[in-house]
Amino acid sequence: MCPFHNDKGPSLSVSPDKQLFHCFGCGAAGNTIGFIMKIRKCEFKDALFYLAERAGIDINFDDTTDKNKEQKERLYKINIEAARFFIIT
Ligand SMILES: [Zn+2]
């Protein structure tokens, strides 16, 4: 199910690990956040928050404490949610 062309087949491939998607039908490709940006016509940050909200993940990128590792884990979870988004869309 690809949102970029008229498609009812499983042409869309998503790799949560690589955070990439690719459509074998129309050739659309990019990262998962970019995918949300495209279909929702929103900015990177909005796409991120959209997915985080869906996944029930609290992201606070203004946090000044050293939480790089935790943020990476949260971003990873967000990408998992993005992958689920592809599958159910
Ligand atoms: Zn396509």
# chains A, B, ... in the order shown; residues from 1 in each chain; ligands from 1
>>> residues_near_ligand(ligand="ligand 1", cutoff="7 Å", atoms="only C-alpha atoms and all ligand atoms", output="PyMOL selection string")
chain A and resi 2-5+7+11-12+23-28
>>> select_by_dssp(residues="chain A", states="strand (DSSP E)", output="list in words")
Leu12, Ser13, Val14, Ser15, Leu20, Phe21, His22, Cys23, Ala29, Gly30 and Asn31 of chain A
>>> closest_residue(among="A:Gly9, A:Met37, A:Asn31, A:Ile59", to="A:Lys72", atoms="only C-alpha atoms")
A:Ile59
>>> residues_around(residues="stretch 44-57 of chain A", least_positions_apart="5", cutoff="12 Å", atoms="only C-alpha atoms", output="short mmCIF file (atom, residue, chain, number, x, y, z; two decimals) with C-alpha atoms, in the first residue's frame")
data_model
loop_
_atom_site.label_atom_id
_atom_site.label_comp_id
_atom_site.auth_asym_id
_atom_site.auth_seq_id
_atom_site.Cartn_x
_atom_site.Cartn_y
_atom_site.Cartn_z
CA ASN A 31 13.44 8.12 5.37
CA THR A 32 10.44 7.45 7.55
CA ILE A 33 10.17 10.94 8.95
CA GLY A 34 10.38 12.31 5.43
CA PHE A 35 7.55 10.00 4.48
CA ILE A 36 5.27 11.51 7.12
CA MET A 37 6.38 15.00 6.07
CA LYS A 38 5.34 14.20 2.49
CA ILE A 39 1.95 12.71 3.13
CA GLU A 70 17.75 8.14 25.68
CA GLN A 71 16.77 10.44 22.84
CA GLU A 73 16.21 5.22 21.85
CA ARG A 74 13.10 7.34 21.64
CA LEU A 75 13.85 8.24 18.05
CA TYR A 76 14.25 4.57 17.32
CA LYS A 77 10.86 3.84 18.89
CA ILE A 78 9.37 6.65 16.85
CA ASN A 79 10.71 5.01 13.72
CA ILE A 80 9.19 1.72 14.76
CA GLU A 81 5.90 3.53 15.05
CA ALA A 82 6.52 5.03 11.64
CA ALA A 83 6.96 1.55 10.25
CA ARG A 84 3.66 0.50 11.78
CA PHE A 85 2.11 3.58 10.24
CA PHE A 86 3.21 2.37 6.81
#
>>> select_by_dssp(residues="stretch 8-89 of chain A", states="alpha helix (DSSP H)", output="number ranges by chain")
A: 32-40, 44-55, 68-88
>>> write_last_selection(atoms="N, CA and C atoms", output="CSV table (one decimal), in the first residue's frame")
chain,number,residue,atom,x,y,z
A,32,THR,N,11.8,7.6,7.0
A,32,THR,CA,10.4,7.5,7.5
A,32,THR,C,9.8,8.8,8.0
A,33,ILE,N,10.7,9.6,8.6
A,33,ILE,CA,10.2,10.9,9.0
A,33,ILE,C,9.8,11.7,7.7
A,34,GLY,N,10.6,11.6,6.7
A,34,GLY,CA,10.4,12.3,5.4
A,34,GLY,C,9.1,11.8,4.8
A,35,PHE,N,8.8,10.6,5.0
A,35,PHE,CA,7.5,10.0,4.5
A,35,PHE,C,6.3,10.7,5.1
A,36,ILE,N,6.4,10.8,6.4
A,36,ILE,CA,5.3,11.5,7.1
A,36,ILE,C,5.2,13.0,6.7
A,37,MET,N,6.4,13.6,6.5
A,37,MET,CA,6.4,15.0,6.1
A,37,MET,C,5.7,15.1,4.7
A,38,LYS,N,5.9,14.2,3.8
A,38,LYS,CA,5.3,14.2,2.5
A,38,LYS,C,3.8,14.0,2.5
A,39,ILE,N,3.4,13.0,3.2
A,39,ILE,CA,1.9,12.7,3.1
A,39,ILE,C,1.1,13.7,4.0
A,40,ARG,N,1.7,14.2,5.0
A,40,ARG,CA,1.0,15.2,5.9
A,40,ARG,C,1.3,16.6,5.5
A,44,PHE,N,9.6,18.7,9.5
A,44,PHE,CA,10.3,17.6,10.2
A,44,PHE,C,9.8,17.5,11.6
A,45,LYS,N,9.9,18.6,12.3
A,45,LYS,CA,9.5,18.5,13.8
A,45,LYS,C,8.1,18.1,14.0
A,46,ASP,N,7.2,18.6,13.1
A,46,ASP,CA,5.8,18.2,13.2
A,46,ASP,C,5.6,16.7,13.0
A,47,ALA,N,6.3,16.2,12.0
A,47,ALA,CA,6.2,14.8,11.7
A,47,ALA,C,6.7,14.0,12.8
A,48,LEU,N,7.8,14.4,13.4
A,48,LEU,CA,8.3,13.7,14.6
A,48,LEU,C,7.4,13.7,15.8
A,49,PHE,N,6.8,14.8,16.0
A,49,PHE,CA,5.8,14.9,17.1
A,49,PHE,C,4.5,14.1,16.8
A,50,TYR,N,4.2,14.1,15.6
A,50,TYR,CA,3.0,13.3,15.2
A,50,TYR,C,3.2,11.9,15.5
A,51,LEU,N,4.4,11.4,15.1
A,51,LEU,CA,4.7,10.0,15.3
A,51,LEU,C,4.8,9.7,16.8
A,52,ALA,N,5.5,10.6,17.5
A,52,ALA,CA,5.7,10.4,18.9
A,52,ALA,C,4.4,10.3,19.7
A,53,GLU,N,3.5,11.1,19.2
A,53,GLU,CA,2.2,11.1,19.9
A,53,GLU,C,1.4,9.8,19.6
A,54,ARG,N,1.5,9.4,18.4
A,54,ARG,CA,0.9,8.1,18.1
A,54,ARG,C,1.5,6.9,18.9
A,55,ALA,N,2.8,7.0,19.1
A,55,ALA,CA,3.5,5.9,19.8
A,55,ALA,C,3.4,6.1,21.3
A,68,ASN,N,21.4,12.1,25.5
A,68,ASN,CA,21.5,11.7,24.1
A,68,ASN,C,21.1,10.3,23.8
A,69,LYS,N,21.6,9.4,24.7
A,69,LYS,CA,21.3,8.0,24.5
A,69,LYS,C,19.8,7.7,24.5
A,70,GLU,N,19.2,8.3,25.5
A,70,GLU,CA,17.7,8.1,25.7
A,70,GLU,C,17.0,8.7,24.5
A,71,GLN,N,17.4,9.8,24.0
A,71,GLN,CA,16.8,10.4,22.8
A,71,GLN,C,16.9,9.6,21.6
A,72,LYS,N,18.1,8.9,21.5
A,72,LYS,CA,18.3,8.0,20.4
A,72,LYS,C,17.3,6.9,20.5
A,73,GLU,N,17.1,6.3,21.7
A,73,GLU,CA,16.2,5.2,21.9
A,73,GLU,C,14.8,5.6,21.5
A,74,ARG,N,14.5,6.8,21.9
A,74,ARG,CA,13.1,7.3,21.6
A,74,ARG,C,12.9,7.5,20.2
A,75,LEU,N,13.9,8.1,19.5
A,75,LEU,CA,13.8,8.2,18.1
A,75,LEU,C,13.7,6.9,17.4
A,76,TYR,N,14.4,5.9,17.9
A,76,TYR,CA,14.2,4.6,17.3
A,76,TYR,C,12.8,4.1,17.5
A,77,LYS,N,12.2,4.3,18.7
A,77,LYS,CA,10.9,3.8,18.9
A,77,LYS,C,9.9,4.6,18.0
A,78,ILE,N,10.2,5.9,17.7
A,78,ILE,CA,9.4,6.6,16.8
A,78,ILE,C,9.4,6.1,15.4
A,79,ASN,N,10.6,5.6,15.1
A,79,ASN,CA,10.7,5.0,13.7
A,79,ASN,C,10.0,3.7,13.6
A,80,ILE,N,10.0,2.9,14.7
A,80,ILE,CA,9.2,1.7,14.8
A,80,ILE,C,7.7,2.1,14.5
A,81,GLU,N,7.3,3.1,15.2
A,81,GLU,CA,5.9,3.5,15.1
A,81,GLU,C,5.6,4.0,13.6
A,82,ALA,N,6.6,4.6,13.0
A,82,ALA,CA,6.5,5.0,11.6
A,82,ALA,C,6.3,3.8,10.7
A,83,ALA,N,7.1,2.8,11.0
A,83,ALA,CA,7.0,1.5,10.2
A,83,ALA,C,5.6,1.0,10.4
A,84,ARG,N,5.0,1.0,11.6
A,84,ARG,CA,3.7,0.5,11.8
A,84,ARG,C,2.7,1.4,11.0
A,85,PHE,N,3.0,2.6,11.0
A,85,PHE,CA,2.1,3.6,10.2
A,85,PHE,C,2.0,3.2,8.8
A,86,PHE,N,3.2,2.8,8.2
A,86,PHE,CA,3.2,2.4,6.8
A,86,PHE,C,2.3,1.2,6.6
A,87,ILE,N,2.4,0.2,7.5
A,87,ILE,CA,1.7,-1.0,7.4
A,87,ILE,C,0.2,-0.9,7.4
A,88,ILE,N,-0.3,0.0,8.3
A,88,ILE,CA,-1.7,0.1,8.5
A,88,ILE,C,-2.3,1.1,7.6
